[in-house]
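For reference, my_file.cif is printed below; it contains mmCIF, C-alpha atoms and all ligand atoms.
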```
data_work
#
loop_
_atom_site.label_atom_id
_atom_site.label_comp_id
_atom_site.auth_asym_id
_atom_site.auth_seq_id
_atom_site.Cartn_x
_atom_site.Cartn_y
_atom_site.Cartn_z
CA MET A 1 0.61 50.21 -17.61
CA GLU A 2 -1.23 47.16 -18.83
CA ASN A 3 -3.39 45.41 -16.35
CA LEU A 4 -1.26 42.33 -15.91
CA ASN A 5 -3.65 40.71 -13.47
CA GLN A 6 -6.44 40.76 -15.98
CA ILE A 7 -4.18 39.48 -18.73
CA GLU A 8 -3.04 36.68 -16.47
CA SER A 9 -6.55 35.46 -15.77
CA GLU A 10 -7.38 35.63 -19.50
CA ILE A 11 -4.33 33.52 -20.29
CA LEU A 12 -5.14 30.98 -17.59
CA ASN A 13 -8.71 30.66 -18.87
CA LYS A 14 -7.43 30.07 -22.34
CA ILE A 15 -5.12 27.32 -21.14
CA LYS A 16 -7.92 25.72 -19.16
CA SER A 17 -10.10 25.57 -22.27
CA ALA A 18 -7.53 23.52 -24.24
CA LYS A 19 -9.08 20.11 -24.88
CA ASP A 20 -6.32 18.40 -26.86
CA ARG A 21 -2.77 18.63 -28.11
CA SER A 22 -3.51 20.78 -31.18
CA ALA A 23 -5.55 23.28 -29.14
CA TYR A 24 -2.68 23.36 -26.68
CA ASP A 25 -0.14 24.06 -29.43
CA LEU A 26 -2.30 26.88 -30.79
CA ILE A 27 -2.62 28.50 -27.39
CA LYS A 28 1.10 28.23 -26.82
CA THR A 29 1.76 30.22 -30.00
CA GLN A 30 -0.90 32.74 -29.04
CA ILE A 31 1.00 33.38 -25.82
CA PHE A 32 4.68 32.94 -26.70
CA GLY A 33 4.71 33.17 -30.51
CA LYS A 34 6.21 36.08 -32.45
CA LYS A 35 3.07 38.10 -31.91
CA GLY A 36 2.05 36.27 -28.76
CA ILE A 37 0.46 38.05 -25.81
CA ILE A 38 3.47 37.77 -23.52
CA THR A 39 5.94 38.49 -26.33
CA GLU A 40 4.05 41.70 -27.04
CA LEU A 41 4.11 42.65 -23.38
CA PHE A 42 7.90 42.30 -23.29
CA LYS A 43 8.19 44.57 -26.30
CA LYS A 44 6.41 47.26 -24.36
CA ILE A 45 9.18 47.54 -21.77
CA SER A 46 11.10 50.01 -23.88
CA ASP A 47 8.07 52.35 -24.06
CA LEU A 48 7.96 52.71 -20.31
CA GLU A 49 9.40 55.35 -18.11
CA GLN A 50 12.67 54.40 -16.56
CA SER A 51 11.09 54.36 -13.09
CA GLU A 52 8.38 51.90 -14.09
CA ARG A 53 10.55 49.49 -16.04
CA LYS A 54 12.02 47.48 -13.22
CA GLU A 55 8.79 46.57 -11.50
CA TYR A 56 6.99 45.89 -14.76
CA ALA A 57 9.76 43.66 -16.00
CA SER A 58 9.89 41.66 -12.82
CA ARG A 59 6.09 41.15 -12.75
CA LEU A 60 6.16 40.17 -16.39
CA ASN A 61 8.91 37.66 -15.73
CA SER A 62 7.04 36.00 -12.92
CA LEU A 63 3.94 35.89 -15.13
CA LYS A 64 6.03 34.22 -17.84
CA THR A 65 7.37 31.61 -15.39
CA LYS A 66 3.90 30.90 -14.03
CA VAL A 67 2.38 30.45 -17.47
CA THR A 68 5.28 28.28 -18.62
CA ASP A 69 4.89 26.02 -15.59
CA ILE A 70 1.17 25.65 -16.14
CA LEU A 71 1.63 24.91 -19.82
CA GLU A 72 4.28 22.30 -18.99
CA LYS A 73 1.96 20.57 -16.56
CA LYS A 74 -0.87 20.64 -19.08
CA LEU A 75 1.42 18.96 -21.61
CA THR A 76 2.36 16.08 -19.25
CA ASP A 77 -1.31 15.66 -18.42
CA PHE A 78 -2.14 15.35 -22.11
CA ASP A 79 0.58 12.77 -22.67
CA GLN A 80 -0.53 10.77 -19.65
CA SER A 81 -4.16 10.75 -20.68
CA GLU A 82 -3.12 9.71 -24.19
CA ILE A 83 -1.28 6.70 -22.74
CA ASN A 84 -4.20 5.84 -20.50
CA LYS A 85 -6.60 5.97 -23.45
CA LYS A 86 -4.33 3.62 -25.42
CA LEU A 87 -4.01 1.21 -22.52
CA LYS A 88 -7.76 1.16 -22.11
CA ASN A 89 -8.33 0.40 -25.81
CA GLU A 90 -5.76 -2.35 -25.93
CA LYS A 91 -6.88 -3.99 -22.74
CA ILE A 92 -7.02 -7.81 -22.72
CA ASP A 93 -9.36 -9.55 -20.40
CA VAL A 94 -7.09 -12.20 -18.93
CA THR A 95 -10.00 -13.71 -17.04
CA LEU A 96 -11.66 -14.89 -20.28
CA PRO A 97 -11.55 -18.70 -20.64
CA GLY A 98 -8.71 -19.89 -22.94
CA ARG A 99 -9.50 -21.27 -26.36
CA THR A 100 -8.36 -24.87 -26.90
CA TYR A 101 -5.91 -25.19 -29.71
CA PHE A 102 -4.43 -28.39 -31.02
CA THR A 103 -0.84 -28.94 -31.87
CA GLY A 104 -0.83 -31.57 -34.60
CA LYS A 105 0.34 -35.06 -33.78
CA ILE A 106 2.48 -37.37 -35.85
CA HIS A 107 0.60 -40.52 -36.82
CA PRO A 108 2.15 -43.71 -35.37
CA VAL A 109 2.69 -45.02 -38.93
CA SER A 110 4.69 -41.92 -39.90
CA GLN A 111 6.62 -42.20 -36.66
CA VAL A 112 7.47 -45.86 -37.33
CA ILE A 113 8.51 -45.08 -40.92
CA ASP A 114 10.89 -42.45 -39.54
CA GLU A 115 12.21 -44.91 -36.98
CA VAL A 116 12.88 -47.76 -39.41
CA THR A 117 14.39 -45.40 -41.97
CA SER A 118 16.71 -44.10 -39.30
CA ILE A 119 17.79 -47.62 -38.28
CA PHE A 120 18.45 -48.85 -41.81
CA SER A 121 20.17 -45.72 -43.04
CA GLU A 122 22.67 -46.09 -40.26
CA ILE A 123 23.75 -49.46 -41.65
CA GLY A 124 24.07 -48.27 -45.21
CA PHE A 125 20.62 -48.59 -46.80
CA ALA A 126 19.51 -45.78 -49.10
CA VAL A 127 15.83 -44.83 -49.36
CA GLU A 128 13.93 -45.46 -52.62
CA GLU A 129 10.35 -44.81 -53.68
CA GLY A 130 7.91 -46.08 -56.25
CA PRO A 131 4.37 -45.19 -57.37
CA ASP A 132 1.21 -46.52 -55.67
CA VAL A 133 -0.39 -47.08 -59.08
CA GLU A 134 1.71 -49.77 -60.72
CA ASN A 135 1.46 -51.82 -63.85
CA GLU A 136 1.28 -55.56 -63.64
CA TYR A 137 4.79 -55.97 -65.04
CA TYR A 138 6.53 -54.35 -62.06
CA ASN A 139 4.10 -55.70 -59.49
CA PHE A 140 4.05 -59.30 -60.77
CA SER A 141 5.75 -60.39 -64.00
CA ALA A 142 9.20 -58.95 -63.35
CA LEU A 143 8.98 -60.45 -59.87
CA ASN A 144 8.81 -63.93 -61.38
CA THR A 145 5.04 -64.10 -60.90
CA PRO A 146 3.64 -64.89 -64.35
CA GLU A 147 0.00 -64.66 -65.32
CA ASN A 148 -2.13 -67.46 -63.85
CA HIS A 149 0.34 -67.85 -61.04
CA PRO A 150 -1.70 -68.49 -57.86
CA ALA A 151 0.14 -65.68 -56.05
CA ARG A 152 -1.74 -63.15 -58.15
CA ASP A 153 -5.01 -64.32 -56.65
CA MET A 154 -3.49 -64.62 -53.21
CA HIS A 155 -2.81 -60.91 -53.26
CA ASP A 156 -6.44 -59.85 -53.69
CA THR A 157 -5.40 -57.21 -56.15
CA PHE A 158 -7.33 -53.99 -56.82
CA TYR A 159 -7.24 -53.71 -60.61
CA LEU A 160 -7.81 -50.30 -62.13
CA ASN A 161 -8.92 -51.37 -65.62
CA HIS A 162 -10.39 -54.33 -67.50
CA SER A 163 -7.20 -55.35 -69.19
CA ARG A 164 -5.75 -55.74 -65.70
CA ASP A 165 -2.50 -54.04 -66.54
CA LEU A 166 -2.99 -51.12 -64.15
CA LEU A 167 -3.36 -51.84 -60.47
CA LEU A 168 -2.72 -50.56 -56.97
CA ARG A 169 0.54 -52.14 -55.91
CA THR A 170 -0.04 -55.11 -53.63
CA HIS A 171 3.41 -54.87 -52.06
CA THR A 172 6.49 -52.64 -52.16
CA SER A 173 8.49 -55.29 -54.07
CA PRO A 174 8.03 -53.51 -57.45
CA VAL A 175 10.44 -50.89 -56.08
CA GLN A 176 13.12 -53.64 -56.18
CA ILE A 177 12.60 -53.87 -59.94
CA ARG A 178 12.51 -50.10 -60.51
CA THR A 179 15.68 -49.64 -58.47
CA MET A 180 17.65 -52.36 -60.22
CA LEU A 181 16.51 -51.28 -63.68
CA LYS A 182 17.74 -47.76 -63.22
CA GLY A 183 21.13 -48.56 -61.65
CA LYS A 184 24.02 -50.96 -61.47
CA PRO A 185 24.81 -53.41 -58.64
CA PRO A 186 25.59 -53.37 -55.75
CA PHE A 187 22.16 -52.31 -54.41
CA LYS A 188 21.38 -51.64 -50.79
CA ILE A 189 18.04 -49.92 -50.41
CA ILE A 190 14.87 -49.71 -48.38
CA ALA A 191 11.53 -48.51 -49.75
CA PRO A 192 8.73 -47.56 -47.37
CA GLY A 193 5.27 -46.94 -48.79
CA ARG A 194 1.58 -47.65 -49.15
CA THR A 195 0.28 -50.95 -50.41
CA TYR A 196 -3.23 -52.19 -51.19
CA ARG A 197 -5.13 -55.47 -50.94
CA HIS A 198 -8.77 -56.39 -50.91
CA ASP A 199 -8.81 -57.45 -47.28
CA SER A 200 -10.17 -56.03 -44.04
CA ASP A 201 -10.29 -57.26 -40.43
CA GLN A 202 -8.63 -56.51 -37.10
CA THR A 203 -5.12 -57.08 -38.47
CA HIS A 204 -5.75 -56.30 -42.17
CA SER A 205 -6.72 -53.07 -43.84
CA PRO A 206 -7.28 -52.53 -47.60
CA MET A 207 -4.56 -49.89 -47.51
CA PHE A 208 -1.53 -50.66 -45.40
CA HIS A 209 2.19 -49.95 -45.29
CA GLN A 210 5.26 -51.96 -46.09
CA LEU A 211 8.96 -51.46 -45.96
CA GLU A 212 10.88 -53.20 -48.70
CA GLY A 213 14.54 -54.04 -48.22
CA LEU A 214 16.97 -55.15 -50.91
CA HIS A 215 20.65 -55.93 -50.67
CA ILE A 216 22.47 -57.26 -53.74
CA ASP A 217 26.21 -57.66 -53.95
CA GLN A 218 28.79 -60.29 -54.85
CA ASN A 219 28.91 -62.15 -51.55
CA VAL A 220 25.60 -61.59 -49.83
CA ASN A 221 24.08 -64.70 -48.26
CA MET A 222 21.26 -65.86 -46.01
CA GLY A 223 23.45 -65.25 -42.94
CA HIS A 224 23.55 -61.57 -43.80
CA LEU A 225 19.78 -61.56 -44.11
CA LYS A 226 19.33 -63.07 -40.67
CA GLY A 227 21.93 -60.80 -39.10
CA CYS A 228 20.35 -57.73 -40.62
CA LEU A 229 16.85 -58.65 -39.44
CA TYR A 230 17.98 -59.51 -35.90
CA TYR A 231 19.79 -56.20 -35.74
CA PHE A 232 16.74 -54.37 -37.01
CA VAL A 233 14.26 -55.98 -34.63
CA LYS A 234 16.46 -55.36 -31.58
CA LYS A 235 17.00 -51.73 -32.51
CA PHE A 236 13.39 -51.15 -33.38
CA PHE A 237 11.89 -52.61 -30.22
CA GLU A 238 14.74 -51.21 -28.14
CA VAL A 239 15.32 -54.52 -26.36
CA GLU A 240 18.41 -56.66 -25.83
CA LYS A 241 16.62 -59.97 -26.12
CA VAL A 242 14.33 -60.84 -29.01
CA LYS A 243 12.52 -63.99 -29.94
CA ILE A 244 12.44 -64.35 -33.70
CA ARG A 245 11.24 -67.33 -35.68
CA PHE A 246 12.11 -67.94 -39.34
CA ARG A 247 9.41 -70.11 -40.91
CA PRO A 248 9.96 -71.66 -44.33
CA SER A 249 7.58 -70.05 -46.80
CA HIS A 250 7.10 -69.36 -50.47
CA PHE A 251 7.34 -66.24 -52.60
CA PRO A 252 7.82 -66.45 -56.37
CA PHE A 253 10.55 -63.78 -56.23
CA THR A 254 12.74 -65.36 -53.52
CA GLU A 255 14.34 -68.76 -53.13
CA PRO A 256 14.61 -69.92 -50.42
CA SER A 257 11.87 -67.90 -48.75
CA ALA A 258 10.92 -67.40 -45.15
CA GLU A 259 8.41 -65.60 -43.02
CA VAL A 260 9.50 -64.05 -39.77
CA ASP A 261 7.44 -64.05 -36.60
CA ILE A 262 8.10 -62.14 -33.43
CA GLY A 263 7.54 -63.69 -30.00
CA TYR A 264 5.48 -61.71 -27.53
CA LYS A 265 3.16 -62.01 -24.60
CA ILE A 266 0.41 -59.93 -23.10
CA GLN A 267 1.13 -58.92 -19.51
CA ASP A 268 -1.26 -56.70 -17.53
CA GLY A 269 -3.01 -55.82 -20.76
CA LYS A 270 0.26 -54.69 -22.36
CA ILE A 271 2.27 -56.28 -25.15
CA LYS A 272 5.76 -57.47 -24.13
CA ILE A 273 8.18 -58.14 -26.95
CA GLY A 274 10.84 -60.85 -26.84
CA GLU A 275 9.11 -63.06 -24.30
CA GLY A 276 6.16 -65.41 -24.14
CA ASP A 277 4.76 -67.95 -26.53
CA LYS A 278 2.58 -65.91 -28.87
CA TRP A 279 3.80 -65.15 -32.39
CA LEU A 280 2.97 -62.35 -34.79
CA GLU A 281 4.10 -62.42 -38.39
CA ILE A 282 5.86 -59.20 -39.29
CA LEU A 283 7.68 -59.83 -42.54
CA GLY A 284 8.42 -61.99 -45.55
CA CYS A 285 11.93 -62.43 -46.90
CA GLY A 286 14.33 -64.60 -48.84
CA MET A 287 17.23 -64.74 -51.29
CA VAL A 288 16.32 -62.91 -54.49
CA HIS A 289 15.33 -65.41 -57.19
CA PRO A 290 17.81 -65.64 -60.12
CA ASN A 291 14.92 -65.04 -62.54
CA VAL A 292 14.25 -61.66 -60.92
CA LEU A 293 17.90 -60.68 -61.35
CA LYS A 294 17.82 -61.80 -65.01
CA ASN A 295 14.69 -59.66 -65.58
CA VAL A 296 16.58 -56.57 -64.50
CA LYS A 297 19.78 -57.46 -66.38
CA VAL A 298 21.80 -58.35 -63.32
CA ASN A 299 23.99 -61.44 -63.76
CA PRO A 300 22.85 -63.97 -61.11
CA LYS A 301 26.13 -65.88 -61.45
CA LYS A 302 27.98 -62.83 -60.23
CA TYR A 303 25.48 -61.10 -58.00
CA GLN A 304 23.07 -62.33 -55.39
CA GLY A 305 21.36 -61.03 -52.29
CA TYR A 306 18.34 -60.88 -50.08
CA ALA A 307 15.07 -59.00 -49.96
CA PHE A 308 12.46 -58.51 -47.30
CA GLY A 309 9.07 -56.87 -46.93
CA VAL A 310 8.03 -55.70 -43.45
CA GLY A 311 4.49 -54.81 -42.41
CA ILE A 312 4.93 -51.33 -40.97
CA ASP A 313 1.48 -51.06 -39.42
CA ARG A 314 2.04 -54.30 -37.55
CA LEU A 315 5.32 -53.00 -36.20
CA ALA A 316 3.49 -49.93 -34.92
CA MET A 317 0.79 -52.07 -33.32
CA LEU A 318 3.36 -54.20 -31.53
CA LYS A 319 5.62 -51.41 -30.38
CA TYR A 320 2.93 -48.99 -29.25
CA GLY A 321 0.34 -51.49 -28.02
CA ILE A 322 -2.40 -50.64 -30.51
CA ASN A 323 -4.69 -53.59 -31.01
CA ASP A 324 -6.95 -52.70 -33.92
CA LEU A 325 -5.31 -51.85 -37.23
CA ARG A 326 -8.44 -50.29 -38.70
CA ALA A 327 -8.33 -47.44 -36.15
CA PHE A 328 -5.11 -46.29 -37.86
CA PHE A 329 -7.04 -45.05 -40.85
CA GLU A 330 -10.26 -43.73 -39.31
CA SER A 331 -8.80 -40.24 -38.78
CA ASP A 332 -10.33 -39.97 -35.32
CA ILE A 333 -8.76 -36.89 -33.77
CA ARG A 334 -9.11 -38.33 -30.23
CA TRP A 335 -7.28 -41.49 -31.27
CA LEU A 336 -4.51 -39.44 -32.84
CA GLU A 337 -4.24 -37.22 -29.76
CA PHE A 338 -3.73 -40.34 -27.70
CA TYR A 339 -1.47 -42.45 -29.91
CA GLY A 340 0.22 -39.69 -31.91
CA PHE A 341 3.71 -38.28 -31.38
CA ASP A 342 5.03 -34.83 -30.74
CA PRO A 343 6.07 -33.21 -34.06
CA LEU A 344 9.37 -32.09 -32.60
CA ASP A 345 10.24 -35.56 -31.34
CA VAL A 346 12.03 -36.73 -34.46
CA PRO A 347 13.40 -40.24 -33.94
CA THR A 348 17.14 -40.67 -34.15
CA ASN A 349 19.31 -43.62 -33.28
CA TYR A 350 21.56 -41.81 -30.88
CA ARG A 351 18.81 -40.07 -28.93
CA GLY A 352 16.65 -43.16 -28.64
CA LEU A 353 13.95 -43.84 -31.15
CA SER A 354 10.72 -43.55 -29.22
CA ARG A 355 11.55 -41.03 -26.50
N1 LIG B 401 6.34 -58.78 -51.04
C1 LIG B 401 6.08 -59.82 -50.04
C2 LIG B 401 4.69 -59.64 -49.48
O1 LIG B 401 4.16 -58.59 -49.57
C3 LIG B 401 7.09 -59.75 -48.93
C4 LIG B 401 8.49 -60.08 -49.41
C5 LIG B 401 9.31 -59.07 -49.82
C6 LIG B 401 8.95 -61.37 -49.43
C7 LIG B 401 10.61 -59.36 -50.26
C8 LIG B 401 10.21 -61.68 -49.83
C9 LIG B 401 11.05 -60.68 -50.25
O2 LIG B 401 4.13 -60.52 -48.91
#
```

Let's see the structure in the file written out as C-alpha cells.
Ligand code: PHE
Amino acid sequence: MENLNQIESEILNKIKSAKDRSAYDLIKTQIFGKKGIITELFKKISDLEQSERKEYASRLNSLKTKVTDILEKKLTDFDQSEINKKLKNEKIDVTLPGRTYFTGKIHPVSQVIDEVTSIFSEIGFAVEEGPDVENEYYNFSALNTPENHPARDMHDTFYLNHSRDLLLRTHTSPVQIRTMLKGKPPFKIIAPGRTYRHDSDQTHSPMFHQLEGLHIDQNVNMGHLKGCLYYFVKKFFEVEKVKIRFRPSHFPFTEPSAEVDIGYKIQDGKIKIGEGDKWLEILGCGMVHPNVLKNVKVNPKKYQGYAFGVGIDRLAMLKYGINDLRAFFESDIRWLEFYGFDPLDVPTNYRGLSR
C-alpha cells in the first residue's frame, strides 16, 4: 500500500509553496486533475485486496477532505490579500490639506443685464442686438444727428478710420435703427450691450453698458414712457417707493427729451434707494423724433413712441453698493469673488431678482 502519510506531507508542502493564484491553480490540477496525485490514488483501490480496500478508501477520503479544506482556505487567503493590496494602492490620504478651487462668479454687470431683461420681457419687450463696431450712419445720421452736429463731439467717439465712417458705437441707439429697418411696426424691444466713449473717471469708463428701449405703436405717448420707467425702477430696486426725477434734456433723436435721476441717500456707508436728497442720473429718454421714423420708413403720422437708454453699470453700482465703476473692468479675481453672483442664481421675476 502506498505510504499515504508521506504523500500527504508532500501535498501539504506543495500547497504551502504556492505564492499566487496561478501557482495555486497548477497545484490544484496536480492533485485533483485527471492524472492528479489523489485521482491516481483512488484509481488504485480496485488493485487492492478486498480486505485492504475499506481502510485504504476511508484514509484516502479523509486525506481528500483535508486537502480540499486546506486548498479552500488558501484560496480565500489569496482573495483577501488581493483586496488588501488593492486597497493599499488606492489609498487616499484624507489628512492632506484641501486644494482651493474657485467656482466662477457672475459679474455684477451680467447679473444686472439678466435682471433687466427679465423685467422687460415680462411686460412684452423682445431682446435685440447690434454690433459694437458701427458705421456713422446707424450711430449718428439715421438718429437725426447730422455731421457737424455738436452731439457728435459730445459723445467723445472712438473712430476706427480716417474717413470717420467706422466707429465704436457710442450708445445702443443704433439698434433702434437696425430693428426698425428690418421689420414693420409695432416695435417693442430692448437692446442691452457694450458702448464706448473716450471718457474715464469714477463714474465713467471708456467701455460701459447700456440698455436701449424702444416702443413704437399707434397710440404710444409720454405717459406710457413714464409708467414704464416707474414700473422698471420699482421692480429693479425691489422697493415700493421710488424717487424719480424727469429733467428736461436734449437728444437729437427724441423730442421732447428727458433725463431721469434716481433719489438716494447714503446711510451707514450704504446706498439707500428711494429716499434722501442725492440724485444719480441713470437714463436718457424721450419721444422718438419724427425724422428718425422717416429715416426708417415708418410713417410718423401714423406711428409714434418712446425710446430710452439706461446706463447698466450705474444701475449695478446703485443696487449693489459699488462705488467705483472702473473696478468693474479690472478683472480682479478678489473683487469678483466679493461682488459676483452664484452661477446657479439666475434672476427671475417670480423668485425675486437678487436673491
Ligand atoms: N442714446 C442716449 C445716450 O446714450 C440715451 C437715449 C436713448 C436718449 C434713447 C433718448 C432715447 O445718451

May I have the centre and edge lengths, in Å to one decimal, of an axis-aligned box around the listed atoms of ligand LIG 401 (chain B) with 8 Å added to every side, as JSON?
```
{"center_x": 7.6, "center_y": -60.1, "center_z": -50.0, "size_x": 22.9, "size_y": 19.1, "size_z": 18.1}
```

Practice problem: Report as a list in words which protein, DNA and RNA residues come within 7 Å of ligand LIG 401 (chain B), using only C-alpha atoms and all ligand atoms. | Solution: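 The distance check yields Thr170, His171, Thr172, Ser173, Glu212, Gly213, Phe251, Phe253, Thr254, Ser257, Leu283, Gly284, Cys285, Gly286, Ala307, Phe308, Gly309 and Val310 of chain A.
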
Exercise. Can you pull out every residue within 6 Å of A:Ile189, counting all atoms listed in the file, but drop anything in the same chain fewer than 2 positions away, and send it as a ChimeraX atom specification?
Key: /A:125-127,213-214

Practice problem: Quote the spacing between atom CA of A:Asp20 and atom CA of A:Phe32 in Å to one decimal place. | Solution: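 Separating atom CA of A:Asp20 from atom CA of A:Phe32 is a distance of 18.2 Å.
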
Quiz item: Which residues come within 12 Å of stretch 35-44 of chain A, counting only C-alpha atoms, excluding same-chain residues fewer than 3 positions away, as a PyMOL selection string?
Solution: chain A and resi 1-4+7-8+10-11+14+26-32+47-49+52-53+56-68

Contacts of A:Leu181 at 10 Å or less, counting only C-alpha atoms, minus same-chain residues fewer than 5 places along, as a PDB file with C-alpha atoms, in the coordinates of the input?
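So selection-v8.pdb came out as:
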```pdb
ATOM      1  CA  VAL A 175      10.440 -50.890 -56.080  1.00  0.00           C
ATOM      2  CA  GLN A 176      13.120 -53.640 -56.180  1.00  0.00           C
ATOM      3  CA  LEU A 293      17.900 -60.680 -61.350  1.00  0.00           C
ATOM      4  CA  ASN A 295      14.690 -59.660 -65.580  1.00  0.00           C
ATOM      5  CA  VAL A 296      16.580 -56.570 -64.500  1.00  0.00           C
ATOM      6  CA  LYS A 297      19.780 -57.460 -66.380  1.00  0.00           C
ATOM      7  CA  VAL A 298      21.800 -58.350 -63.320  1.00  0.00           C
TER       8      VAL A 298
END
```

Quiz prompt | Residues within 12 Å of A:Val292, only C-alpha atoms, excluding chain neighbours under 2 positions, as a PyMOL selection string | solution = chain A and resi 137-146+173-174+176-178+180-181+216+251-255+287-290+294-300+303-307

Residue selection dump (C-alpha atoms) as a PDB file, in the coordinates of the input:
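Okay, again_35.pdb is ready:
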```
ATOM      1  CA  TYR A 137       4.790 -55.970 -65.040  1.00  0.00           C
ATOM      2  CA  TYR A 138       6.530 -54.350 -62.060  1.00  0.00           C
ATOM      3  CA  ASN A 139       4.100 -55.700 -59.490  1.00  0.00           C
ATOM      4  CA  PHE A 140       4.050 -59.300 -60.770  1.00  0.00           C
ATOM      5  CA  SER A 141       5.750 -60.390 -64.000  1.00  0.00           C
ATOM      6  CA  ALA A 142       9.200 -58.950 -63.350  1.00  0.00           C
ATOM      7  CA  LEU A 143       8.980 -60.450 -59.870  1.00  0.00           C
ATOM      8  CA  ASN A 144       8.810 -63.930 -61.380  1.00  0.00           C
ATOM      9  CA  THR A 145       5.040 -64.100 -60.900  1.00  0.00           C
ATOM     10  CA  PRO A 146       3.640 -64.890 -64.350  1.00  0.00           C
ATOM     11  CA  SER A 173       8.490 -55.290 -54.070  1.00  0.00           C
ATOM     12  CA  PRO A 174       8.030 -53.510 -57.450  1.00  0.00           C
ATOM     13  CA  GLN A 176      13.120 -53.640 -56.180  1.00  0.00           C
ATOM     14  CA  ILE A 177      12.600 -53.870 -59.940  1.00  0.00           C
ATOM     15  CA  ARG A 178      12.510 -50.100 -60.510  1.00  0.00           C
ATOM     16  CA  MET A 180      17.650 -52.360 -60.220  1.00  0.00           C
ATOM     17  CA  LEU A 181      16.510 -51.280 -63.680  1.00  0.00           C
ATOM     18  CA  ILE A 216      22.470 -57.260 -53.740  1.00  0.00           C
ATOM     19  CA  PHE A 251       7.340 -66.240 -52.600  1.00  0.00           C
ATOM     20  CA  PRO A 252       7.820 -66.450 -56.370  1.00  0.00           C
ATOM     21  CA  PHE A 253      10.550 -63.780 -56.230  1.00  0.00           C
ATOM     22  CA  THR A 254      12.740 -65.360 -53.520  1.00  0.00           C
ATOM     23  CA  GLU A 255      14.340 -68.760 -53.130  1.00  0.00           C
ATOM     24  CA  MET A 287      17.230 -64.740 -51.290  1.00  0.00           C
ATOM     25  CA  VAL A 288      16.320 -62.910 -54.490  1.00  0.00           C
ATOM     26  CA  HIS A 289      15.330 -65.410 -57.190  1.00  0.00           C
ATOM     27  CA  PRO A 290      17.810 -65.640 -60.120  1.00  0.00           C
ATOM     28  CA  LYS A 294      17.820 -61.800 -65.010  1.00  0.00           C
ATOM     29  CA  ASN A 295      14.690 -59.660 -65.580  1.00  0.00           C
ATOM     30  CA  VAL A 296      16.580 -56.570 -64.500  1.00  0.00           C
ATOM     31  CA  LYS A 297      19.780 -57.460 -66.380  1.00  0.00           C
ATOM     32  CA  VAL A 298      21.800 -58.350 -63.320  1.00  0.00           C
ATOM     33  CA  ASN A 299      23.990 -61.440 -63.760  1.00  0.00           C
ATOM     34  CA  PRO A 300      22.850 -63.970 -61.110  1.00  0.00           C
ATOM     35  CA  TYR A 303      25.480 -61.100 -58.000  1.00  0.00           C
ATOM     36  CA  GLN A 304      23.070 -62.330 -55.390  1.00  0.00           C
ATOM     37  CA  GLY A 305      21.360 -61.030 -52.290  1.00  0.00           C
ATOM     38  CA  TYR A 306      18.340 -60.880 -50.080  1.00  0.00           C
ATOM     39  CA  ALA A 307      15.070 -59.000 -49.960  1.00  0.00           C
TER      40      ALA A 307
END
```

Using only C-alpha atoms, what table do you get, as JSON lines, when you list each residue of stretch 153-240 of chain A with an atom no more than 12 Å from stretch 88-111 of chain A, its nearest pair of atoms, and their distance in Å rounded to one decimal, rows by chain then rising number?
```
{"residue": "A:Pro192", "atom": "CA", "partner": "A:Ser110", "partner_atom": "CA", "distance": 10.2}
{"residue": "A:Gly193", "atom": "CA", "partner": "A:Ser110", "partner_atom": "CA", "distance": 10.2}
{"residue": "A:Arg194", "atom": "CA", "partner": "A:Val109", "partner_atom": "CA", "distance": 10.6}
{"residue": "A:Phe208", "atom": "CA", "partner": "A:Val109", "partner_atom": "CA", "distance": 9.6}
{"residue": "A:His209", "atom": "CA", "partner": "A:Val109", "partner_atom": "CA", "distance": 8.1}
{"residue": "A:Gln210", "atom": "CA", "partner": "A:Val109", "partner_atom": "CA", "distance": 10.3}
{"residue": "A:Leu211", "atom": "CA", "partner": "A:Val109", "partner_atom": "CA", "distance": 11.4}
{"residue": "A:Phe236", "atom": "CA", "partner": "A:Gln111", "partner_atom": "CA", "distance": 11.7}
```

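For the atom pair formed by atom CA of A:Leu315 and atom CA of A:Ile244, the distance is 13.6 Å, given to one decimal.
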
Quiz item: Using only C-alpha atoms, which of the listed residues (A:Lys19, A:Asp261, A:Ile322, A:Ile123) sits closest to A:Ser81?
Solution: A:Lys19

Quiz item: What is the distance, in Å and to one decimal place, between atom CA of A:Gly183 and atom CA of A:Glu128?
Solution: 12.0 Å

Quiz item: Pick from A:Phe328, A:Tyr320, A:Phe187, A:Phe232: nearest to A:Thr203, with only C-alpha atoms counted?
Solution: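 For A:Thr203, the nearest of the given residues is A:Phe328.
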
Report as a short mmCIF file (atom, residue, chain, number, x, y, z; two decimals) with C-alpha atoms, in the coordinates of the input all protein, DNA and RNA residues lying within 8 Å of A:Asp277, evaluated on all atoms listed in the file, omitting residues in the same chain fewer than 5 positions from it.
```cif
data_model
loop_
_atom_site.label_atom_id
_atom_site.label_comp_id
_atom_site.auth_asym_id
_atom_site.auth_seq_id
_atom_site.Cartn_x
_atom_site.Cartn_y
_atom_site.Cartn_z
CA GLY A 263 7.54 -63.69 -30.00
CA TYR A 264 5.48 -61.71 -27.53
CA LYS A 265 3.16 -62.01 -24.60
#
```

Exercise. Scan for residues within 8 Å of the point (16.6, -60.4, -23.7) in the coordinates of the file, using only C-alpha atoms, and reply as a list in words.
Key: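 Looking at atoms near the point gives Val239, Glu240, Lys241, Val242, Gly274 and Glu275 of chain A.
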
Practice problem: Around the point (-6.7, -45.4, -42.2) in the file's coordinates, collect all residues with an atom within 10 Å, using only C-alpha atoms, and return them as JSON, numbers by chain. | Solution: {"A": [109, 205, 206, 207, 208, 325, 326, 327, 328, 329, 330, 331, 332]}

Quiz item: Closest to A:Gly124 among A:Lys319, A:Phe237, A:Pro186, A:Phe78, using all atoms listed in the file?
Solution: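 Residue with the minimum atom-to-atom distance to A:Gly124: A:Pro186.
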
Quiz item: With only C-alpha atoms as the basis for distance, which of A:Ile190, A:Val116, A:Leu168, A:Val220 is at the shortest distance from A:Lys302?
Solution: A:Val220

Quiz item: Of the residues A:Asn5, A:Gln202, A:Ser22, A:Thr195, which is the one nearest to A:Asp156, using all atoms listed in the file?
Solution: A:Thr195

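Nearest residue to A:His215 among A:Gly130, A:Gly227, A:Pro185, A:Gly276 is A:Pro185, counting all atoms listed in the file.
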